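Below is upload30.csv, which holds CSV, C-alpha atoms and all ligand atoms.
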```csv
chain,number,residue,atom,x,y,z
C,172,MET,CA,115.8,-28.2,-32.2
C,173,ALA,CA,114.3,-25.8,-34.7
C,174,LEU,CA,116.6,-23.2,-36.2
C,175,MET,CA,114.6,-20.3,-34.8
C,176,GLU,CA,114.8,-21.7,-31.3
C,177,GLN,CA,118.6,-22.2,-31.6
C,178,ILE,CA,119.0,-18.6,-32.7
C,179,ARG,CA,116.8,-17.4,-29.8
C,180,GLN,CA,118.9,-19.3,-27.3
C,181,LYS,CA,122.2,-18.2,-28.7
C,182,ALA,CA,121.1,-14.5,-28.8
C,183,ALA,CA,120.1,-14.8,-25.1
C,184,SER,CA,123.4,-16.5,-24.1
C,185,TYR,CA,125.6,-14.1,-26.0
C,186,ALA,CA,123.7,-10.9,-25.1
C,187,ASN,CA,126.0,-9.8,-22.2
C,188,GLU,CA,129.1,-10.3,-24.3
C,189,TYR,CA,127.7,-8.1,-27.0
C,190,ILE,CA,126.5,-5.4,-24.6
C,191,ALA,CA,130.1,-5.1,-23.5
C,192,ILE,CA,131.1,-4.8,-27.2
C,193,ARG,CA,128.5,-2.0,-27.7
C,194,GLN,CA,129.9,-0.2,-24.6
C,195,HIS,CA,133.4,-0.5,-26.1
C,196,LEU,CA,132.3,1.0,-29.4
C,197,HIS,CA,130.2,3.6,-27.6
C,198,ALA,CA,133.3,4.8,-25.6
C,199,HIS,CA,135.4,5.0,-28.8
C,200,PRO,CA,133.2,6.8,-31.4
C,201,GLU,CA,134.6,8.0,-34.7
C,202,LEU,CA,133.3,10.5,-37.2
C,203,SER,CA,132.0,9.7,-40.7
C,204,TYR,CA,134.6,8.2,-43.1
C,205,GLN,CA,137.1,8.2,-40.2
C,206,GLU,CA,135.9,4.9,-38.6
C,207,TYR,CA,139.5,3.4,-38.6
C,208,LYS,CA,139.5,1.8,-35.1
C,209,THR,CA,135.9,0.7,-35.4
C,210,SER,CA,136.7,-0.9,-38.8
C,211,ALA,CA,139.7,-2.6,-37.3
C,212,PHE,CA,137.6,-3.9,-34.4
C,213,VAL,CA,135.0,-5.3,-36.8
C,214,GLN,CA,137.8,-6.9,-38.9
C,215,GLU,CA,139.3,-8.5,-35.8
C,216,HIS,CA,136.0,-9.9,-34.7
C,217,LEU,CA,135.3,-11.4,-38.1
C,218,ARG,CA,138.8,-12.8,-38.2
C,219,GLN,CA,138.2,-14.5,-34.8
C,220,LEU,CA,135.0,-15.9,-36.2
C,221,GLY,CA,136.8,-17.2,-39.2
C,222,ILE,CA,134.7,-15.1,-41.6
C,223,PRO,CA,136.5,-13.9,-44.7
C,224,PHE,CA,136.0,-10.2,-45.5
C,225,SER,CA,137.1,-7.4,-47.9
C,226,ILE,CA,137.5,-3.7,-47.4
C,227,MET,CA,135.5,-1.2,-49.4
C,228,ALA,CA,135.0,2.6,-49.3
C,229,GLY,CA,138.0,3.2,-47.1
C,230,THR,CA,136.8,1.9,-43.8
C,231,GLY,CA,133.9,-0.3,-44.9
C,232,VAL,CA,134.1,-4.1,-44.2
C,233,VAL,CA,132.2,-6.8,-46.1
C,234,GLY,CA,132.1,-10.3,-44.7
C,235,ILE,CA,131.0,-13.3,-46.6
C,236,LEU,CA,129.3,-16.1,-44.7
C,237,GLU,CA,128.5,-19.3,-46.4
C,238,GLY,CA,125.8,-21.8,-45.4
C,239,LYS,CA,124.7,-24.9,-47.2
C,240,ASN,CA,124.7,-24.6,-51.0
C,241,PRO,CA,126.2,-21.1,-51.0
C,242,GLU,CA,125.2,-20.2,-54.6
C,243,SER,CA,121.5,-20.8,-54.1
C,244,ARG,CA,120.7,-17.6,-52.2
C,245,CYS,CA,122.3,-14.4,-51.1
C,246,ILE,CA,121.0,-12.0,-48.4
C,247,ALA,CA,122.7,-8.8,-47.3
C,248,LEU,CA,122.6,-7.5,-43.7
C,249,ARG,CA,123.8,-3.9,-43.2
C,250,ALA,CA,125.1,-1.9,-40.3
C,251,ASP,CA,126.6,1.6,-40.2
C,252,MET,CA,129.6,2.4,-38.0
C,253,ASP,CA,129.9,6.2,-37.8
C,254,ALA,CA,129.3,8.7,-34.9
C,255,LEU,CA,128.3,12.3,-34.7
C,256,PRO,CA,130.1,15.6,-33.8
C,257,ILE,CA,128.2,15.9,-30.5
C,258,GLN,CA,129.7,16.2,-27.0
C,259,GLU,CA,128.1,13.4,-24.9
C,260,GLU,CA,126.4,14.5,-21.7
C,261,ASN,CA,125.5,11.1,-20.3
C,262,ASP,CA,127.0,10.2,-17.0
C,263,ILE,CA,127.8,6.5,-17.7
C,264,PRO,CA,130.9,4.4,-17.2
C,265,TYR,CA,131.3,3.9,-21.0
C,266,LYS,CA,130.9,7.6,-21.9
C,267,SER,CA,132.6,8.7,-25.1
C,268,GLN,CA,136.3,9.1,-24.6
C,269,ASN,CA,136.6,11.1,-27.8
C,270,PRO,CA,135.8,14.7,-27.0
C,271,GLY,CA,133.1,16.2,-29.2
C,272,VAL,CA,132.3,12.9,-30.8
C,273,MET,CA,129.4,10.6,-29.8
C,274,HIS,CA,127.4,7.6,-30.9
C,275,ALA,CA,124.2,9.6,-30.7
C,276,CYS,CA,122.4,7.8,-33.5
C,277,GLY,CA,122.9,4.2,-32.2
C,278,HIS,CA,125.3,3.0,-34.9
C,279,ASP,CA,127.3,1.4,-32.2
C,280,VAL,CA,124.2,-0.8,-31.5
C,281,HIS,CA,123.8,-1.5,-35.2
C,282,THR,CA,127.4,-2.7,-35.6
C,283,THR,CA,127.1,-4.8,-32.4
C,284,CYS,CA,123.9,-6.5,-33.6
C,285,LEU,CA,125.5,-7.4,-36.9
C,286,LEU,CA,128.6,-8.8,-35.2
C,287,GLY,CA,126.4,-10.9,-32.9
C,288,ALA,CA,124.3,-12.1,-35.8
C,289,ALA,CA,127.5,-13.0,-37.7
C,290,ARG,CA,128.6,-15.2,-34.9
C,291,ILE,CA,125.3,-17.0,-34.6
C,292,LEU,CA,125.0,-17.6,-38.4
C,293,LYS,CA,128.6,-18.9,-38.5
C,294,GLU,CA,127.9,-21.4,-35.7
C,295,LEU,CA,124.7,-22.6,-37.4
C,296,LYS,CA,126.1,-22.5,-40.9
C,297,ASP,CA,125.1,-26.2,-41.5
C,298,GLN,CA,121.5,-25.3,-40.9
C,299,TRP,CA,120.7,-22.6,-43.3
C,300,THR,CA,121.1,-22.2,-47.0
C,301,GLY,CA,123.0,-19.7,-49.2
C,302,THR,CA,125.3,-16.8,-48.5
C,303,VAL,CA,125.0,-13.9,-46.1
C,304,LYS,CA,126.8,-10.7,-46.9
C,305,LEU,CA,127.7,-8.7,-43.8
C,306,ILE,CA,128.0,-5.1,-44.7
C,307,PHE,CA,129.6,-2.7,-42.2
C,308,GLN,CA,129.6,0.7,-43.9
C,309,PRO,CA,131.1,4.1,-43.1
C,310,GLY,CA,129.6,7.5,-43.3
C,311,GLU,CA,125.9,7.2,-42.9
C,312,GLU,CA,125.6,10.6,-41.3
C,313,LYS,CA,127.4,12.6,-44.0
C,314,ASN,CA,126.7,13.4,-47.6
C,315,PRO,CA,126.9,11.8,-50.1
C,316,GLY,CA,126.5,8.8,-47.7
C,317,GLY,CA,128.8,5.8,-47.2
C,318,ALA,CA,126.3,3.5,-48.9
C,319,SER,CA,126.8,5.3,-52.2
C,320,PHE,CA,130.6,4.5,-52.0
C,321,MET,CA,129.9,0.9,-51.0
C,322,ILE,CA,127.7,0.4,-54.0
C,323,ARG,CA,130.4,2.2,-56.2
C,324,ASP,CA,132.9,-0.3,-54.9
C,325,GLY,CA,130.7,-3.3,-55.8
C,326,VAL,CA,129.0,-4.3,-52.5
C,327,LEU,CA,125.9,-5.4,-54.4
C,328,GLU,CA,127.9,-7.6,-56.8
C,329,ASN,CA,129.8,-10.9,-56.6
C,330,PRO,CA,127.5,-12.3,-55.3
C,331,ALA,CA,124.6,-10.0,-55.9
C,332,PRO,CA,122.2,-10.1,-52.9
C,333,ALA,CA,118.6,-10.7,-53.6
C,334,ALA,CA,117.6,-8.5,-50.7
C,335,ILE,CA,119.0,-6.3,-48.0
C,336,PHE,CA,118.1,-5.7,-44.3
C,337,GLY,CA,119.0,-2.7,-42.2
C,338,LEU,CA,118.2,-2.0,-38.6
C,339,HIS,CA,117.8,1.3,-36.8
C,340,VAL,CA,117.3,2.0,-33.1
C,341,HIS,CA,114.1,3.8,-32.4
C,342,PRO,CA,114.1,5.9,-29.2
C,343,GLN,CA,110.3,6.4,-29.3
C,344,LEU,CA,109.6,2.7,-29.4
C,345,PRO,CA,109.7,0.8,-26.1
C,346,VAL,CA,112.4,-1.7,-25.6
C,347,GLY,CA,111.3,-5.3,-26.4
C,348,ARG,CA,109.4,-4.1,-29.5
C,349,ILE,CA,110.2,-3.9,-33.2
C,350,SER,CA,108.5,-2.1,-36.0
C,351,PHE,CA,108.1,-2.4,-39.7
C,352,ARG,CA,106.6,-0.5,-42.6
C,353,ALA,CA,105.9,-1.5,-46.2
C,354,GLY,CA,106.6,0.9,-49.1
C,355,LYS,CA,107.7,4.4,-48.5
C,356,VAL,CA,109.3,4.8,-45.1
C,357,MET,CA,111.8,7.6,-45.1
C,358,ALA,CA,112.3,10.7,-47.3
C,359,SER,CA,115.0,11.8,-49.7
C,360,ALA,CA,116.9,14.9,-48.5
C,361,ASP,CA,118.5,17.5,-50.7
C,362,GLU,CA,120.2,20.7,-49.6
C,363,ILE,CA,119.4,24.0,-51.2
C,364,TYR,CA,121.8,27.0,-51.4
C,365,ILE,CA,120.7,30.3,-53.0
C,366,THR,CA,122.8,33.5,-53.4
C,367,VAL,CA,120.9,36.6,-54.6
C,368,LYS,CA,123.2,39.3,-56.1
C,369,GLY,CA,122.5,42.9,-57.1
C,370,THR,CA,123.8,46.4,-56.8
C,371,GLY,CA,123.4,47.4,-53.2
C,372,GLY,CA,123.5,51.0,-52.1
C,373,HIS,CA,121.9,53.7,-50.0
C,374,ALA,CA,118.6,52.6,-48.5
C,375,ALA,CA,117.2,56.1,-49.1
C,376,ALA,CA,117.7,55.6,-52.8
C,377,PRO,CA,116.3,52.1,-53.6
C,378,ASN,CA,115.7,53.3,-57.2
C,379,LEU,CA,119.5,53.2,-57.7
C,380,THR,CA,119.8,49.6,-56.4
C,381,THR,CA,118.6,46.1,-56.9
C,382,ASP,CA,117.1,45.3,-53.6
C,383,THR,CA,118.4,41.8,-52.9
C,384,ILE,CA,116.4,41.6,-49.6
C,385,LEU,CA,113.2,42.1,-51.5
C,386,VAL,CA,114.2,39.6,-54.2
C,387,ALA,CA,115.1,37.0,-51.6
C,388,SER,CA,111.8,37.6,-49.8
C,389,HIS,CA,109.8,37.0,-53.0
C,390,ILE,CA,111.8,33.9,-53.7
C,391,VAL,CA,111.0,32.5,-50.2
C,392,VAL,CA,107.3,33.1,-50.7
C,393,ALA,CA,107.2,31.9,-54.3
C,394,LEU,CA,108.9,28.7,-53.3
C,395,GLN,CA,106.0,27.8,-51.1
C,396,GLN,CA,104.0,27.0,-54.2
C,397,VAL,CA,106.4,24.3,-55.3
C,398,ILE,CA,104.7,21.7,-53.0
C,399,SER,CA,101.3,23.3,-52.3
C,400,ARG,CA,100.5,23.8,-56.1
C,401,ASN,CA,102.5,21.0,-57.8
C,402,CYS,CA,102.9,18.0,-55.5
C,403,ASN,CA,100.2,15.4,-55.3
C,404,PRO,CA,98.5,16.1,-51.9
C,405,GLN,CA,98.7,12.4,-51.1
C,406,GLN,CA,102.5,12.5,-51.5
C,407,PRO,CA,104.4,13.7,-48.5
C,408,SER,CA,107.0,16.4,-49.3
C,409,VAL,CA,108.6,19.3,-47.5
C,410,LEU,CA,110.5,22.4,-48.6
C,411,SER,CA,111.9,24.6,-45.8
C,412,ILE,CA,114.1,27.7,-46.2
C,413,THR,CA,116.0,27.6,-43.0
C,414,SER,CA,118.5,30.5,-43.3
C,415,ILE,CA,118.5,34.0,-44.7
C,416,GLN,CA,121.6,36.1,-44.3
C,417,GLY,CA,122.2,39.6,-45.8
C,418,GLY,CA,122.7,43.1,-44.6
C,419,HIS,CA,124.0,44.5,-41.3
C,420,THR,CA,122.6,48.0,-40.8
C,421,THR,CA,119.5,50.2,-41.3
C,422,ASN,CA,120.6,52.4,-44.2
C,423,VAL,CA,122.3,50.1,-46.6
C,424,ILE,CA,120.7,47.8,-49.1
C,425,PRO,CA,123.1,44.8,-49.3
C,426,SER,CA,124.5,43.6,-52.6
C,427,GLU,CA,124.2,39.9,-51.6
C,428,VAL,CA,121.7,37.7,-49.7
C,429,LYS,CA,122.4,34.1,-49.0
C,430,MET,CA,119.8,31.5,-48.2
C,431,MET,CA,119.7,27.8,-47.3
C,432,GLY,CA,117.1,25.2,-47.0
C,433,THR,CA,116.1,21.5,-47.2
C,434,PHE,CA,113.9,19.6,-49.7
C,435,ARG,CA,112.4,16.3,-48.8
C,436,ALA,CA,110.4,13.8,-50.9
C,437,MET,CA,109.1,10.3,-50.9
C,438,ASP,CA,109.1,9.8,-54.6
C,439,GLU,CA,112.1,9.9,-56.9
C,440,GLU,CA,110.2,11.2,-60.0
C,441,TRP,CA,108.6,14.0,-58.0
C,442,ARG,CA,111.9,14.8,-56.4
C,443,PHE,CA,113.7,15.7,-59.6
C,444,LYS,CA,110.7,17.4,-61.1
C,445,ALA,CA,110.6,19.6,-57.9
C,446,HIS,CA,114.3,20.4,-58.4
C,447,GLU,CA,113.3,21.9,-61.8
C,448,LEU,CA,110.4,23.8,-60.4
C,449,ILE,CA,112.7,25.2,-57.7
C,450,ARG,CA,115.2,26.3,-60.3
C,451,ASN,CA,112.5,28.0,-62.5
C,452,ILE,CA,111.1,29.9,-59.6
C,453,VAL,CA,114.4,31.0,-58.1
C,454,GLU,CA,115.9,32.1,-61.5
C,455,GLY,CA,112.6,33.5,-62.9
C,456,THR,CA,111.9,35.6,-59.8
C,457,ALA,CA,115.4,37.0,-59.7
C,458,ARG,CA,115.4,37.8,-63.4
C,459,ALA,CA,112.0,39.5,-63.2
C,460,MET,CA,113.3,41.7,-60.4
C,461,GLY,CA,116.6,42.5,-62.1
C,462,ALA,CA,118.9,40.5,-59.7
C,463,GLU,CA,121.4,37.8,-60.4
C,464,VAL,CA,121.1,34.5,-58.6
C,465,ASN,CA,123.0,31.4,-58.0
C,466,LEU,CA,121.2,28.2,-57.0
C,467,HIS,CA,122.9,25.0,-55.9
C,468,ILE,CA,120.9,21.9,-55.0
C,469,ASP,CA,123.2,19.4,-53.2
C,470,VAL,CA,121.5,16.1,-54.1
C,471,GLY,CA,121.5,13.9,-50.9
C,472,TYR,CA,120.1,10.5,-50.0
C,473,PRO,CA,117.3,8.9,-52.0
C,474,SER,CA,114.1,7.9,-50.2
C,475,VAL,CA,114.0,4.6,-48.4
C,476,TYR,CA,111.5,2.2,-49.9
C,477,ASN,CA,110.6,-1.1,-48.2
C,478,ASN,CA,109.8,-3.9,-50.7
C,479,GLU,CA,106.3,-5.1,-49.9
C,480,GLU,CA,107.0,-8.8,-50.3
C,481,LEU,CA,110.2,-8.6,-48.2
C,482,HIS,CA,108.3,-6.7,-45.6
C,483,GLU,CA,105.7,-9.5,-45.4
C,484,VAL,CA,108.5,-12.1,-45.0
C,485,ALA,CA,110.4,-10.1,-42.4
C,486,LYS,CA,107.3,-9.2,-40.4
C,487,GLY,CA,106.1,-12.8,-40.5
C,488,LEU,CA,109.5,-14.0,-39.2
C,489,ALA,CA,109.5,-11.3,-36.5
C,490,VAL,CA,106.0,-12.2,-35.4
C,491,GLU,CA,107.0,-15.9,-35.1
C,492,TYR,CA,110.2,-14.9,-33.2
C,493,MET,CA,108.8,-12.3,-30.8
C,494,GLY,CA,105.0,-12.7,-30.8
C,495,ALA,CA,102.5,-10.5,-32.7
C,496,ASP,CA,102.0,-8.2,-29.7
C,497,LYS,CA,105.6,-7.1,-29.9
C,498,VAL,CA,105.6,-6.1,-33.6
C,499,ASP,CA,104.4,-2.6,-34.5
C,500,GLU,CA,104.0,-0.5,-37.6
C,501,THR,CA,106.7,2.2,-38.1
C,502,GLU,CA,105.3,5.7,-38.8
C,503,LEU,CA,106.2,7.5,-42.0
C,504,ARG,CA,109.2,9.9,-41.4
C,505,MET,CA,110.6,12.8,-43.4
C,506,GLY,CA,114.1,12.1,-42.0
C,507,ALA,CA,116.6,10.5,-44.4
C,508,GLU,CA,118.8,7.4,-44.3
C,509,ASP,CA,121.5,6.4,-46.8
C,510,PHE,CA,120.0,2.9,-46.7
C,511,GLY,CA,117.8,4.5,-49.5
C,512,TYR,CA,120.7,3.9,-51.9
C,513,TYR,CA,120.5,0.1,-51.4
C,514,SER,CA,116.7,0.0,-51.4
C,515,GLN,CA,116.6,1.9,-54.8
C,516,LYS,CA,118.8,-0.9,-56.3
C,517,ILE,CA,117.5,-4.2,-54.7
C,518,PRO,CA,114.6,-5.1,-52.4
C,519,GLY,CA,115.2,-3.7,-49.0
C,520,CYS,CA,113.7,-3.9,-45.5
C,521,PHE,CA,114.6,-1.1,-43.1
C,522,TYR,CA,113.2,-1.8,-39.6
C,523,ARG,CA,113.2,-0.3,-36.2
C,524,LEU,CA,114.4,-1.7,-32.9
C,525,GLY,CA,112.8,-0.3,-29.8
C,526,VAL,CA,115.3,1.1,-27.3
C,527,MET,CA,113.2,3.4,-25.1
C,528,ASN,CA,112.8,2.7,-21.4
C,529,LYS,CA,110.7,5.4,-19.5
C,530,GLU,CA,111.2,3.8,-16.1
C,531,ARG,CA,115.0,4.1,-16.5
C,532,GLY,CA,114.8,7.6,-18.0
C,533,ILE,CA,116.1,6.4,-21.5
C,534,VAL,CA,113.9,8.7,-23.6
C,535,SER,CA,116.2,11.1,-25.5
C,536,GLY,CA,116.0,11.3,-29.2
C,537,VAL,CA,118.7,10.4,-31.7
C,538,HIS,CA,121.3,13.2,-32.4
C,539,THR,CA,120.9,14.6,-28.8
C,540,PRO,CA,123.8,14.7,-26.2
C,541,THR,CA,121.8,12.5,-23.9
C,542,PHE,CA,120.8,9.8,-26.3
C,543,ASN,CA,121.2,6.3,-25.0
C,544,VAL,CA,119.5,2.9,-25.4
C,545,ASP,CA,118.2,0.2,-23.1
C,546,GLU,CA,120.8,-2.4,-23.9
C,547,SER,CA,118.5,-5.3,-23.4
C,548,ALA,CA,117.4,-4.5,-27.0
C,549,ILE,CA,120.7,-5.9,-28.3
C,550,GLU,CA,119.5,-9.5,-27.7
C,551,THR,CA,116.5,-8.9,-29.9
C,552,GLY,CA,118.6,-7.0,-32.5
C,553,ILE,CA,121.1,-9.8,-32.8
C,554,GLY,CA,118.5,-12.5,-32.9
C,555,LEU,CA,116.4,-10.9,-35.6
C,556,MET,CA,119.3,-10.0,-37.8
C,557,ALA,CA,120.5,-13.6,-37.6
C,558,LEU,CA,117.0,-14.9,-38.3
C,559,PHE,CA,116.7,-12.7,-41.4
C,560,GLY,CA,120.1,-13.8,-42.6
C,561,ALA,CA,119.2,-17.5,-42.2
C,562,LEU,CA,115.6,-17.6,-43.3
C,563,ALA,CA,114.5,-14.6,-45.3
C,564,GLU,CA,113.5,-15.5,-48.9
C,565,ILE,CA,112.3,-13.4,-51.8
C,566,ARG,CA,111.2,-14.5,-55.2
U,1,ZN,ZN,121.7,9.8,-37.5
U,2,ZN,ZN,121.4,6.6,-37.8
```
Rewritten as structure tokens:
Amino acid sequence: MALMEQIRQKAASYANEYIAIRQHLHAHPELSYQEYKTSAFVQEHLRQLGIPFSIMAGTGVVGILEGKNPESRCIALRADMDALPIQEENDIPYKSQNPGVMHACGHDVHTTCLLGAARILKELKDQWTGTVKLIFQPGEEKNPGGASFMIRDGVLENPAPAAIFGLHVHPQLPVGRISFRAGKVMASADEIYITVKGTGGHAAAPNLTTDTILVASHIVVALQQVISRNCNPQQPSVLSITSIQGGHTTNVIPSEVKMMGTFRAMDEEWRFKAHELIRNIVEGTARAMGAEVNLHIDVGYPSVYNNEELHEVAKGLAVEYMGADKVDETELRMGAEDFGYYSQKIPGCFYRLGVMNKERGIVSGVHTPTFNVDESAIETGIGLMALFGALAEIR
């Protein structure tokens, strides 16, 4: 029987077992970089499958799975394991047992799909060629991102994968469907912190003060030209000032105003050029108006870029596996993913698994207290991951 057909059958027959695993992980969520029990669970599962692994970045687990001629090819499959500081509001038997913590981004599903794929690939190891690196990483939800620590600890070396695949649940995509996108797919995300300082004083004597509120206002308005006048209009980018705090009464000009915001981009060169523009505007405006200013840009995840050739290969396999009518195009998003760290280093393919089911009321977005998935997606998620591990090739 063809390898693809064997993968399909195994994914179908193991689906219920892995749905139970997902429910276990869902009931026991852990915050970023604290995935101790989840990591232990993954390690135990790999041990039972006879797959050797090493530990990286604290709670990260990297399994090495060898097929025929292990040196000839190496493909990495990545899952993230962390949950979010959200109190779950779903009324389900496997509701989070950890108060204030919830798998609201589907990382329980990602971990489950990779464990299932590992089992199938192990059982079929005489039928595919090369090595598959199974990456279970911590801390996707929290800067600077678990992926950056995994790379620091050598996850992309010994052996060096030629390509990496990552899966994310998509609550706006109906269950049974999958989606891909070539090239730019998600944005970089940097945090902006600005503090304007000056001599405050009586509001009736502004001539004796530096009006930090006025300076901050000018900065907010001036920052709007960073993108509108400098960024290529064909290049998506967003700069939002999301918080202004200063002053507390009508007759005092405050000596300090604090602001925060987010900057998103799809191009790494533009991203760092924009950082400079932001700095020039913030510092120049404050100087011109006689105020002091402190600007801190917390550099977050790089943008996610899907290699065109790998995209073609993956989409082709998915069409063969599921049928062309089940394969969609992912829309461009300004959200961020630490998968970007991998995709900046080696060819990557970050794809979406449909988990929405309107009839069953499963429609909530990620990062909401009512987020859930239609678990029949797990069979597809396992099968495709195994398929990419076994058959994806890149020159
Ligand atoms: Zn998330
Ligand atoms: Zn996520």
Compile a residue-level contact table for chain C against ligand ZN 2 (chain U) at a cut-off of 7 Å, reporting for every qualifying residue the shortest atom pair and its distance in Å to one decimal, with all atoms listed in the file counted, rows ordered by chain and ascending number, as a tab-separated table.
```
residue	atom	partner	partner_atom	distance
C:Cys276	CA	U:ZN2	ZN	4.6
C:Gly277	CA	U:ZN2	ZN	6.3
C:His278	CA	U:ZN2	ZN	6.0
C:Glu311	CA	U:ZN2	ZN	6.8
C:Glu312	CA	U:ZN2	ZN	6.8
C:His339	CA	U:ZN2	ZN	6.5
```
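For the residues C:Asn314, C:Thr370, C:Ser184, C:Ser426, ranking by smallest atom-to-atom distance to ligand ZN 1 (chain U) using all atoms listed in the file places C:Asn314 first.
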Name the residues, using the chain letters and numbers of the file, that sit within 12 Å of (127.8, 2.4, -53.5) when counting all atoms listed in the file, and give them as a count of residues only.
31
Ligand ZN 1 (chain U): which residues are within 12 Å, counting only C-alpha atoms and all ligand atoms, as an NGL selection string?
:C and (202-203 or 251-257 or 273-279 or 281 or 310-314 or 316 or 339-342 or 506-510 or 536-539 or 542)
Can you work out the spacing between atom CA of Val356 of chain C and atom CA of Asp499 of chain C in Å, to one decimal?
13.8 Å
